[in-house]
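Enquirer: Below you'll find my_file_7.cif; it's mmCIF, C-alpha atoms.
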```
data_final
#
loop_
_atom_site.label_atom_id
_atom_site.label_comp_id
_atom_site.auth_asym_id
_atom_site.auth_seq_id
_atom_site.Cartn_x
_atom_site.Cartn_y
_atom_site.Cartn_z
CA MET A 28 132.50 169.49 10.73
CA ASP A 29 130.44 171.17 8.08
CA ARG A 30 129.26 168.47 5.74
CA ARG A 31 126.49 170.45 4.07
CA LEU A 32 126.57 169.54 0.39
CA ASP A 33 124.23 169.60 -2.59
CA GLY A 34 121.79 166.95 -3.73
CA ASN A 35 124.26 166.03 -6.46
CA VAL A 36 126.19 164.05 -3.90
CA ALA A 37 123.30 161.57 -3.61
CA GLY A 38 123.33 160.98 -7.38
CA GLY A 39 125.51 157.90 -7.06
CA ILE A 40 123.52 155.98 -4.48
CA LEU A 41 120.16 157.07 -5.92
CA GLY A 42 121.39 155.89 -9.30
CA GLU A 43 122.04 152.45 -7.80
CA ILE A 44 118.44 152.26 -6.64
CA PHE A 45 116.46 153.98 -9.39
CA PRO A 46 116.79 153.41 -13.13
CA PHE A 47 116.62 157.18 -13.71
CA GLU A 48 119.10 160.05 -13.54
CA MET A 49 117.96 161.19 -10.12
CA THR A 50 119.73 164.53 -9.54
CA SER A 51 117.42 166.07 -12.13
CA ALA A 52 114.32 164.25 -10.82
CA ILE A 53 111.94 166.80 -9.33
CA ALA A 54 110.85 166.43 -5.73
CA THR A 55 108.18 168.30 -3.80
CA CYS A 56 108.74 168.87 -0.10
CA ALA A 57 105.93 167.36 1.93
CA THR A 58 106.05 170.21 4.44
CA CYS A 59 106.39 173.45 2.49
CA GLY A 60 105.73 172.41 -1.08
CA ARG A 61 109.07 173.56 -2.48
CA THR A 62 109.50 171.84 -5.82
CA ASP A 63 112.97 171.51 -7.31
CA PRO A 64 115.38 169.02 -8.85
CA ILE A 65 117.01 166.76 -6.26
CA GLY A 66 120.32 168.44 -7.11
CA ALA A 67 118.99 171.74 -5.75
CA PHE A 68 118.19 170.34 -2.29
CA MET A 69 120.72 170.23 0.54
CA ALA A 70 122.53 167.02 1.35
CA TYR A 71 124.18 166.04 4.60
CA ALA A 72 126.52 163.12 4.10
CA SER A 73 128.06 160.98 6.81
CA ALA A 74 129.47 157.51 7.17
CA ILE A 75 126.08 156.04 7.98
CA GLY A 76 124.18 157.62 5.14
CA THR A 77 122.88 160.72 3.44
CA VAL A 78 119.97 163.00 4.31
CA LEU A 79 118.43 165.28 1.71
CA ARG A 80 116.87 168.35 3.26
CA CYS A 81 114.71 171.20 2.04
CA PRO A 82 116.71 174.46 1.91
CA CYS A 83 113.54 176.40 2.82
CA CYS A 84 112.07 174.55 5.80
CA ASP A 85 114.78 172.00 6.69
CA THR A 86 112.43 169.03 6.34
CA ALA A 87 114.27 165.76 5.70
CA LEU A 88 112.93 164.71 2.31
CA ILE A 89 114.91 161.52 1.91
CA ARG A 90 117.05 159.58 4.34
CA LEU A 91 119.29 157.08 2.64
CA ALA A 92 121.52 154.40 4.05
CA ARG A 93 123.19 151.23 2.90
CA MET A 94 123.63 148.58 5.56
CA LYS A 95 124.49 144.91 5.42
CA GLY A 96 123.70 144.57 1.75
CA ARG A 97 120.41 146.47 1.85
CA TYR A 98 119.38 149.97 0.88
CA TRP A 99 117.17 151.83 3.32
CA MET A 100 115.13 154.83 2.24
CA ASP A 101 112.85 156.92 4.40
CA MET A 102 110.95 159.16 1.99
CA ARG A 103 108.23 160.56 4.20
CA GLY A 104 109.41 164.11 3.49
CA VAL A 105 108.65 163.79 -0.22
CA ARG A 106 105.13 164.55 -1.40
CA THR A 107 105.77 163.74 -5.06
CA LEU A 108 108.70 162.73 -7.19
CA GLN A 109 108.77 163.30 -10.95
CA MET A 110 111.34 161.97 -13.35
CA SER A 111 111.82 162.09 -17.08
CA GLU A 112 110.92 158.91 -18.94
CA HIS A 113 113.78 159.73 -21.33
CA ARG A 114 116.82 158.33 -19.58
CA MET B 25 138.97 160.79 -20.94
CA THR B 26 140.68 162.94 -18.33
CA ILE B 27 140.06 163.20 -14.62
CA THR B 28 141.45 165.86 -12.31
CA VAL B 29 142.27 164.94 -8.71
CA GLU B 30 143.29 167.26 -5.90
CA ARG B 31 145.07 165.30 -3.21
CA LEU B 32 143.70 165.94 0.28
CA ASP B 33 145.73 164.45 3.14
CA ASP B 34 142.63 163.28 4.97
CA GLY B 35 140.71 162.40 1.82
CA GLU B 36 139.10 159.02 1.39
CA VAL B 37 139.93 158.53 -2.27
CA SER B 38 142.31 161.21 -3.52
CA PRO B 39 145.48 159.93 -1.75
CA TYR B 40 144.85 156.55 -3.33
CA LEU B 41 144.36 158.02 -6.80
CA VAL B 42 147.42 160.26 -6.52
CA ASP B 43 149.86 158.02 -4.63
CA GLU B 44 148.86 154.42 -5.26
CA VAL B 45 147.42 154.05 -8.74
CA GLN B 46 150.05 153.03 -11.29
CA VAL B 47 150.15 153.23 -15.05
CA GLY B 48 148.61 150.02 -16.33
CA ASP B 49 146.26 149.51 -13.37
CA HIS B 50 142.73 148.56 -14.30
CA LEU B 51 139.96 150.74 -12.93
CA GLU B 52 136.25 150.18 -13.13
CA LEU B 53 134.25 153.36 -13.72
CA ARG B 54 130.60 154.14 -13.31
CA GLY B 55 128.87 157.21 -14.63
CA PRO B 56 128.77 159.98 -15.53
CA ILE B 57 126.46 160.50 -12.57
CA GLY B 58 124.29 163.56 -12.23
CA GLY B 59 122.42 165.63 -14.77
CA TYR B 60 121.71 168.67 -12.61
CA PHE B 61 124.99 170.56 -12.36
CA VAL B 62 125.43 170.48 -16.11
CA TRP B 63 125.56 173.15 -18.78
CA LYS B 64 124.97 172.36 -22.44
CA ALA B 65 125.36 174.92 -25.19
CA SER B 66 121.68 174.40 -26.06
CA LEU B 67 120.77 175.95 -22.69
CA GLY B 68 122.23 179.23 -23.92
CA GLY B 69 123.60 181.98 -21.77
CA PRO B 70 125.20 184.20 -20.93
CA LEU B 71 127.11 181.81 -18.77
CA LEU B 72 128.61 182.65 -15.39
CA LEU B 73 131.01 180.22 -13.77
CA VAL B 74 132.38 180.82 -10.28
CA GLY B 75 134.99 178.39 -8.99
CA GLY B 76 136.93 178.15 -5.75
CA GLY B 77 140.07 175.99 -5.66
CA SER B 78 139.46 172.63 -7.28
CA GLY B 79 135.85 173.74 -7.80
CA ILE B 80 137.16 174.79 -11.21
CA VAL B 81 137.02 171.18 -12.38
CA PRO B 82 133.35 170.75 -13.36
CA LEU B 83 133.35 174.31 -14.71
CA MET B 84 136.29 173.43 -16.96
CA ALA B 85 134.24 170.55 -18.35
CA MET B 86 131.60 173.12 -19.34
CA LEU B 87 134.20 175.35 -21.01
CA ARG B 88 135.67 172.39 -22.87
CA HIS B 89 132.19 171.47 -24.05
CA ARG B 90 131.64 175.07 -25.13
CA ARG B 91 134.84 174.95 -27.19
CA ALA B 92 134.13 171.48 -28.58
CA VAL B 93 130.77 172.47 -30.05
CA GLY B 94 132.04 175.85 -31.26
CA SER B 95 129.67 177.76 -29.00
CA THR B 96 130.05 181.52 -28.78
CA VAL B 97 127.68 181.87 -25.83
CA PRO B 98 129.19 184.75 -23.83
CA ALA B 99 130.89 183.28 -20.77
CA ARG B 100 132.62 184.65 -17.72
CA LEU B 101 134.67 182.59 -15.31
CA LEU B 102 135.63 183.91 -11.90
CA TYR B 103 138.28 181.65 -10.43
CA SER B 104 139.45 182.05 -6.83
CA ALA B 105 142.69 180.32 -5.93
CA ARG B 106 145.18 180.72 -3.11
CA SER B 107 148.08 181.47 -5.43
CA GLN B 108 149.02 181.36 -9.08
CA GLU B 109 150.77 178.02 -8.49
CA GLU B 110 147.48 176.55 -7.30
CA VAL B 111 145.58 177.61 -10.42
CA ILE B 112 144.60 174.39 -12.19
CA TYR B 113 144.49 174.51 -16.03
CA ARG B 114 146.28 177.89 -16.14
CA GLY B 115 147.71 177.28 -19.61
CA GLU B 116 144.50 175.86 -21.04
CA LEU B 117 142.44 178.73 -19.66
CA GLY B 118 144.87 181.15 -21.30
CA ASP B 119 144.46 179.31 -24.59
CA LEU B 120 140.67 179.44 -24.28
CA MET B 121 140.79 183.19 -23.64
CA ARG B 122 142.96 183.78 -26.69
CA ARG B 123 140.31 182.25 -28.95
CA ASN B 124 138.40 185.52 -28.55
CA ASP B 125 135.10 183.71 -28.74
CA GLY B 126 133.38 185.47 -25.89
CA LEU B 127 135.08 184.02 -22.81
CA LEU B 128 136.48 186.23 -20.08
CA VAL B 129 138.47 184.70 -17.22
CA THR B 130 139.04 186.69 -14.03
CA TYR B 131 141.26 185.44 -11.24
CA THR B 132 141.41 186.36 -7.62
CA LEU B 133 144.52 185.11 -5.80
CA THR B 134 143.66 185.15 -2.15
CA ARG B 135 146.90 184.32 -0.32
CA GLN B 136 149.87 184.96 -2.52
CA GLN B 137 150.23 187.00 -5.67
CA PRO B 138 153.08 186.99 -8.18
CA PRO B 139 155.20 190.15 -8.46
CA GLY B 140 153.41 192.84 -10.41
CA TRP B 141 149.98 191.24 -9.97
CA THR B 142 147.27 193.81 -10.66
CA GLY B 143 144.26 191.50 -10.39
CA TYR B 144 142.04 190.77 -7.43
CA HIS B 145 143.71 189.46 -4.29
CA ARG B 146 140.92 188.94 -1.81
CA ARG B 147 138.16 186.46 -1.15
CA ILE B 148 135.01 187.00 -3.16
CA ASP B 149 132.60 189.57 -1.80
CA GLU B 150 129.70 191.59 -3.10
CA GLU B 151 131.82 194.37 -4.58
CA LEU B 152 134.05 191.92 -6.42
CA LEU B 153 131.13 189.94 -7.80
CA ARG B 154 129.32 193.09 -8.83
CA GLU B 155 132.36 194.11 -10.88
CA VAL B 156 132.86 190.74 -12.54
CA VAL B 157 129.53 188.99 -13.09
CA TRP B 158 126.80 189.58 -15.64
CA PRO B 159 124.11 191.92 -14.42
CA ALA B 160 120.97 190.04 -13.39
CA HIS B 161 118.90 191.63 -16.16
CA ASP B 162 120.99 189.69 -18.71
CA HIS B 163 119.42 186.53 -17.26
CA PRO B 164 122.66 184.57 -17.00
CA ARG B 165 122.93 180.93 -16.05
CA ALA B 166 125.18 180.62 -13.04
CA TYR B 167 127.19 177.63 -11.82
CA ILE B 168 129.19 177.80 -8.61
CA CYS B 169 131.51 175.08 -7.37
CA GLY B 170 133.94 175.06 -4.48
CA PRO B 171 134.20 174.61 -0.73
CA THR B 172 130.86 174.93 1.07
CA GLN B 173 131.54 178.35 2.57
CA PHE B 174 132.78 179.75 -0.74
CA VAL B 175 129.75 178.44 -2.62
CA GLU B 176 127.30 179.81 -0.08
CA THR B 177 128.91 183.25 -0.06
CA ALA B 178 128.86 183.37 -3.86
CA ALA B 179 125.29 182.07 -4.19
CA MET B 180 123.83 184.38 -1.56
CA THR B 181 125.62 187.36 -3.05
CA LEU B 182 124.38 186.60 -6.57
CA VAL B 183 120.83 186.36 -5.27
CA ALA B 184 121.34 189.66 -3.46
CA LEU B 185 122.48 191.12 -6.79
CA GLY B 186 119.15 190.05 -8.30
CA TYR B 187 119.87 186.58 -9.69
CA ALA B 188 116.87 184.26 -9.47
CA PRO B 189 117.72 181.39 -7.09
CA THR B 190 116.54 178.86 -9.67
CA ILE B 191 119.23 179.83 -12.19
CA VAL B 192 122.05 179.66 -9.64
CA LYS B 193 123.23 176.07 -9.49
CA THR B 194 125.69 175.03 -6.82
CA GLU B 195 128.01 172.17 -6.08
CA ARG B 196 129.55 172.27 -2.62
CA PHE B 197 132.38 169.88 -1.96
CA GLY B 198 132.60 170.29 1.80
CA PRO B 199 134.80 172.22 4.17
CA THR B 200 138.23 171.40 2.71
CA GLY B 201 140.08 172.92 -0.19
CA GLY B 202 141.27 176.32 -1.24
CA GLY B 203 139.76 179.48 -2.57
#
```
Now that the file is in, can you turn its structure into structure tokens?

Expert:
Amino acid sequence: MDRRLDGNVAGGILGEIFPFEMTSAIATCATCGRTDPIGAFMAYASAIGTVLRCPCCDTALIRLARMKGRYWMDMRGVRTLQMSEHR
Amino acid sequence: MTITVERLDDGEVSPYLVDEVQVGDHLELRGPIGGYFVWKASLGGPLLLVGGGSGIVPLMAMLRHRRAVGSTVPARLLYSARSQEEVIYRGELGDLMRRNDGLLVTYTLTRQQPPGWTGYHRRIDEELLREVVWPAHDHPRAYICGPTQFVETAAMTLVALGYAPTIVKTERFGPTGGG
């Protein structure tokens, strides 16, 4: 089933982890350097978690899961993350 | 506050909201979540909104905001629905159009059309978008919401028509739904 969505869909869980509005936080892909708001990246959502991918090179920027009361984040695909200090 | 829910038989939440929730129930809300797929009048325009099925919902929030602040930013809405009965907010969209404040609403009814229908009756394609949307040299801000396939067709076509990918914002809601 096609579960390709937009980065917006990760706004809820990212908002539980970070004190910022994260869909407009700007991420740079560690592989190709694409720099865009999180909302502009692709998201693949499933029961076990969400993967944010680069629409240019398909690198997984962020893998997110919530298991047994803990959040897990693998962010090796993100070179930098910028967010506004004005919340 | 108003929320709009389309009931999907295999949905995780919508059957509960439509069938189970009763007047007087207490709900706990969080949000609003997300600052990306958002248009504010201060961003200017012209504004292009393309909605498929219940993808109209966040676009309607933008049009209500536009009305609430008295904005006259030129706006075009292209709304693809299966039939006239499935058009959400039909009356309100008619009211918004009659304000004559720079909003044009175009429908395409993809499965069933009422008698005498002279509007579009096919899924969106390049020719249809070319006829309806702002030309790229007007530097519009574009927001597309709908089923994944609908959104991707619309977004790729707008880029092919010269829209810069960075001004085309998308919100896919997955494989289900109309349009």

Enquirer: Would you mind telling me which residue in A:Ala87, A:Leu41, A:Arg30, A:Ala74 lies nearest to Trp99 of chain A when using all atoms listed in the file?

Expert: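 With all atoms listed in the file as the atom set, the closest residue is A:Leu41.
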
Enquirer: Output as JSON lines one row per residue of chain A within 7 Å of chain B: the closest atom pair and its distance in Å to one decimal place, counting all atoms listed in the file, sorted by chain and residue number ascending.

Expert:
```
{"residue": "A:Asp29", "atom": "CA", "partner": "B:Pro199", "partner_atom": "CA", "distance": 5.9}
{"residue": "A:Arg30", "atom": "CA", "partner": "B:Gly198", "partner_atom": "CA", "distance": 5.5}
{"residue": "A:Arg31", "atom": "CA", "partner": "B:Gly198", "partner_atom": "CA", "distance": 6.5}
{"residue": "A:Leu32", "atom": "CA", "partner": "B:Arg196", "partner_atom": "CA", "distance": 5.0}
{"residue": "A:Asp33", "atom": "CA", "partner": "B:Glu195", "partner_atom": "CA", "distance": 5.8}
{"residue": "A:Asn35", "atom": "CA", "partner": "B:Gly58", "partner_atom": "CA", "distance": 6.3}
{"residue": "A:Gly38", "atom": "CA", "partner": "B:Gly58", "partner_atom": "CA", "distance": 5.6}
{"residue": "A:Gly39", "atom": "CA", "partner": "B:Ile57", "partner_atom": "CA", "distance": 6.2}
{"residue": "A:Glu48", "atom": "CA", "partner": "B:Gly58", "partner_atom": "CA", "distance": 6.4}
{"residue": "A:Thr50", "atom": "CA", "partner": "B:Gly58", "partner_atom": "CA", "distance": 5.4}
{"residue": "A:Ser51", "atom": "CA", "partner": "B:Tyr60", "partner_atom": "CA", "distance": 5.0}
{"residue": "A:Gly66", "atom": "CA", "partner": "B:Tyr60", "partner_atom": "CA", "distance": 5.7}
```

Enquirer: List the residues matched by the PyMOL selection byres ((chain B and resi 162) around 10) in the displayed structure as a VMD selection string, ordered by chain and then by residue number.

Expert: chain B and resid 69 to 71 158 to 161 163 to 165 187

Enquirer: For the provided coordinates, the residues matched by the PyMOL selection byres ((chain A and resi 62) around 12) should be stated as a PDB file with C-alpha atoms, in the frame of the given file.

Expert:
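Generated output (expr.pdb):
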```pdb
ATOM      1  CA  SER A  51     117.420 166.070 -12.130  1.00  0.00           C
ATOM      2  CA  ALA A  52     114.320 164.250 -10.820  1.00  0.00           C
ATOM      3  CA  ILE A  53     111.940 166.800  -9.330  1.00  0.00           C
ATOM      4  CA  ALA A  54     110.850 166.430  -5.730  1.00  0.00           C
ATOM      5  CA  THR A  55     108.180 168.300  -3.800  1.00  0.00           C
ATOM      6  CA  CYS A  56     108.740 168.870  -0.100  1.00  0.00           C
ATOM      7  CA  ALA A  57     105.930 167.360   1.930  1.00  0.00           C
ATOM      8  CA  THR A  58     106.050 170.210   4.440  1.00  0.00           C
ATOM      9  CA  CYS A  59     106.390 173.450   2.490  1.00  0.00           C
ATOM     10  CA  GLY A  60     105.730 172.410  -1.080  1.00  0.00           C
ATOM     11  CA  ARG A  61     109.070 173.560  -2.480  1.00  0.00           C
ATOM     12  CA  ASP A  63     112.970 171.510  -7.310  1.00  0.00           C
ATOM     13  CA  PRO A  64     115.380 169.020  -8.850  1.00  0.00           C
ATOM     14  CA  ILE A  65     117.010 166.760  -6.260  1.00  0.00           C
ATOM     15  CA  GLY A  66     120.320 168.440  -7.110  1.00  0.00           C
ATOM     16  CA  ALA A  67     118.990 171.740  -5.750  1.00  0.00           C
ATOM     17  CA  PHE A  68     118.190 170.340  -2.290  1.00  0.00           C
ATOM     18  CA  CYS A  81     114.710 171.200   2.040  1.00  0.00           C
ATOM     19  CA  PRO A  82     116.710 174.460   1.910  1.00  0.00           C
ATOM     20  CA  CYS A  83     113.540 176.400   2.820  1.00  0.00           C
ATOM     21  CA  LEU A  88     112.930 164.710   2.310  1.00  0.00           C
ATOM     22  CA  VAL A 105     108.650 163.790  -0.220  1.00  0.00           C
ATOM     23  CA  ARG A 106     105.130 164.550  -1.400  1.00  0.00           C
ATOM     24  CA  THR A 107     105.770 163.740  -5.060  1.00  0.00           C
ATOM     25  CA  LEU A 108     108.700 162.730  -7.190  1.00  0.00           C
ATOM     26  CA  GLN A 109     108.770 163.300 -10.950  1.00  0.00           C
TER      27      GLN A 109
ATOM     28  CA  THR B 190     116.540 178.860  -9.670  1.00  0.00           C
TER      29      THR B 190
END
```

Enquirer: For atom CA of Leu128 of chain B and atom CA of Leu101 of chain B, quote the distance in Å rounded to one decimal.

Expert: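 Spanning atom CA of Leu128 of chain B to atom CA of Leu101 of chain B is a straight-line distance of 6.3 Å.
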
Enquirer: Report the distance between atom CA of Leu79 of chain A and atom CA of Arg31 of chain B in Å, rounded to one decimal place.

Expert: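 The value is 27.1 Å.
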
Enquirer: Check the smallest atom-to-atom distance from each of A:Gly34, A:His113, A:Phe47, A:Met69 to Cys84 of chain A using all atoms listed in the file, then report the winner.

Expert: A:Met69

Enquirer: Would you please work out which residue, of B:Leu152, B:Val183, B:Leu32, B:Leu73, is nearest to Leu102 of chain B when using all atoms listed in the file?

Expert: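 Looking at the shortest contact to Leu102 of chain B, the residue is B:Leu73.
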
Enquirer: Under the PyMOL selection byres ((chain B and resi 84) around 10), which residues of this model are included? Write them out as an MDAnalysis selection string.

Expert: chainID B and resid 73 75 79:83 85:90 101 112:113 116:117

Enquirer: Please measure the separation of atom CA of His145 of chain B and atom CA of Tyr131 of chain B, giving the value in Å to one decimal.

Expert: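 Interatomic distance, atom CA of His145 of chain B to atom CA of Tyr131 of chain B: 8.4 Å.
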
Enquirer: Given 4 Å of margin on each side, can you work out the centre and size in Å (one decimal) of an axis-aligned box holding every listed atom of segment 69-72 of chain A, as AutoDock Vina command-line options?

Expert:
```
--center_x 123.6 --center_y 166.7 --center_z 2.6 --size_x 13.8 --size_y 15.1 --size_z 12.1
```

Enquirer: Name the residues in contact with Arg97 of chain A at a cut-off of 12 Å, using only C-alpha atoms, excluding same-chain residues fewer than 5 positions from it; report them as a list of chain:residue names.

Expert: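 So, after excluding close chain neighbours, the residues are A:Ile40, A:Glu43, A:Ile44, A:Leu91, A:Ala92.
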
Enquirer: Nearest to Thr77 of chain A among A:Met110, A:Met49, A:Met102, A:Val36, with distances taken over only C-alpha atoms: which residue is it?

Expert: A:Val36

Enquirer: Given the choices A:Ala37, A:Asp101, A:Lys95, A:Asp85, which gets closest to Ser73 of chain A if the distance is worked out from only C-alpha atoms?

Expert: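 Looking at the shortest contact to Ser73 of chain A, the residue is A:Ala37.
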
Enquirer: Find the residue from B:Arg123, B:Arg135, B:Arg91, B:His50 that sits nearest to Arg147 of chain B; use all atoms listed in the file when measuring.

Expert: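 Nearest candidate to Arg147 of chain B out of B:Arg123, B:Arg135, B:Arg91, B:His50: B:Arg135.
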
Enquirer: Could you complete segment 111-129 of chain B so that it carries N, CA and C atoms, and give it back as a PDB file, in the frame of the given file?

Expert:
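Now in result-v4.pdb:
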```pdb
ATOM      1  N   VAL B 111     146.563 177.516  -9.339  1.00  0.00           N
ATOM      2  CA  VAL B 111     145.580 177.610 -10.420  1.00  0.00           C
ATOM      3  C   VAL B 111     145.689 176.355 -11.284  1.00  0.00           C
ATOM      4  N   ILE B 112     144.621 175.591 -11.350  1.00  0.00           N
ATOM      5  CA  ILE B 112     144.600 174.390 -12.190  1.00  0.00           C
ATOM      6  C   ILE B 112     144.237 174.841 -13.618  1.00  0.00           C
ATOM      7  N   TYR B 113     144.793 174.217 -14.614  1.00  0.00           N
ATOM      8  CA  TYR B 113     144.490 174.510 -16.030  1.00  0.00           C
ATOM      9  C   TYR B 113     144.905 175.929 -16.449  1.00  0.00           C
ATOM     10  N   ARG B 114     145.941 176.493 -15.836  1.00  0.00           N
ATOM     11  CA  ARG B 114     146.280 177.890 -16.140  1.00  0.00           C
ATOM     12  C   ARG B 114     146.575 178.070 -17.638  1.00  0.00           C
ATOM     13  N   GLY B 115     147.372 177.160 -18.195  1.00  0.00           N
ATOM     14  CA  GLY B 115     147.710 177.280 -19.610  1.00  0.00           C
ATOM     15  C   GLY B 115     146.497 177.114 -20.514  1.00  0.00           C
ATOM     16  N   GLU B 116     145.681 176.121 -20.192  1.00  0.00           N
ATOM     17  CA  GLU B 116     144.500 175.860 -21.040  1.00  0.00           C
ATOM     18  C   GLU B 116     143.513 177.010 -20.960  1.00  0.00           C
ATOM     19  N   LEU B 117     143.357 177.593 -19.777  1.00  0.00           N
ATOM     20  CA  LEU B 117     142.440 178.730 -19.660  1.00  0.00           C
ATOM     21  C   LEU B 117     142.954 179.918 -20.474  1.00  0.00           C
ATOM     22  N   GLY B 118     144.288 180.097 -20.469  1.00  0.00           N
ATOM     23  CA  GLY B 118     144.870 181.150 -21.300  1.00  0.00           C
ATOM     24  C   GLY B 118     144.588 180.906 -22.769  1.00  0.00           C
ATOM     25  N   ASP B 119     144.740 179.649 -23.188  1.00  0.00           N
ATOM     26  CA  ASP B 119     144.460 179.310 -24.590  1.00  0.00           C
ATOM     27  C   ASP B 119     142.998 179.589 -24.939  1.00  0.00           C
ATOM     28  N   LEU B 120     142.100 179.222 -24.027  1.00  0.00           N
ATOM     29  CA  LEU B 120     140.670 179.440 -24.280  1.00  0.00           C
ATOM     30  C   LEU B 120     140.371 180.931 -24.428  1.00  0.00           C
ATOM     31  N   MET B 121     141.010 181.736 -23.571  1.00  0.00           N
ATOM     32  CA  MET B 121     140.790 183.190 -23.640  1.00  0.00           C
ATOM     33  C   MET B 121     141.248 183.753 -24.976  1.00  0.00           C
ATOM     34  N   ARG B 122     142.387 183.227 -25.458  1.00  0.00           N
ATOM     35  CA  ARG B 122     142.960 183.780 -26.690  1.00  0.00           C
ATOM     36  C   ARG B 122     142.158 183.422 -27.937  1.00  0.00           C
ATOM     37  N   ARG B 123     141.168 182.542 -27.800  1.00  0.00           N
ATOM     38  CA  ARG B 123     140.310 182.250 -28.950  1.00  0.00           C
ATOM     39  C   ARG B 123     139.386 183.409 -29.277  1.00  0.00           C
ATOM     40  N   ASN B 124     139.268 184.345 -28.327  1.00  0.00           N
ATOM     41  CA  ASN B 124     138.400 185.520 -28.550  1.00  0.00           C
ATOM     42  C   ASN B 124     136.999 185.129 -29.002  1.00  0.00           C
ATOM     43  N   ASP B 125     136.447 184.140 -28.339  1.00  0.00           N
ATOM     44  CA  ASP B 125     135.100 183.710 -28.740  1.00  0.00           C
ATOM     45  C   ASP B 125     134.069 184.029 -27.655  1.00  0.00           C
ATOM     46  N   GLY B 126     134.387 185.026 -26.840  1.00  0.00           N
ATOM     47  CA  GLY B 126     133.380 185.470 -25.890  1.00  0.00           C
ATOM     48  C   GLY B 126     133.592 184.989 -24.466  1.00  0.00           C
ATOM     49  N   LEU B 127     134.784 184.459 -24.182  1.00  0.00           N
ATOM     50  CA  LEU B 127     135.080 184.020 -22.810  1.00  0.00           C
ATOM     51  C   LEU B 127     135.999 185.015 -22.116  1.00  0.00           C
ATOM     52  N   LEU B 128     135.618 185.383 -20.903  1.00  0.00           N
ATOM     53  CA  LEU B 128     136.480 186.230 -20.080  1.00  0.00           C
ATOM     54  C   LEU B 128     136.788 185.486 -18.788  1.00  0.00           C
ATOM     55  N   VAL B 129     138.060 185.360 -18.462  1.00  0.00           N
ATOM     56  CA  VAL B 129     138.470 184.700 -17.220  1.00  0.00           C
ATOM     57  C   VAL B 129     139.035 185.744 -16.274  1.00  0.00           C
TER      58      VAL B 129
END
```
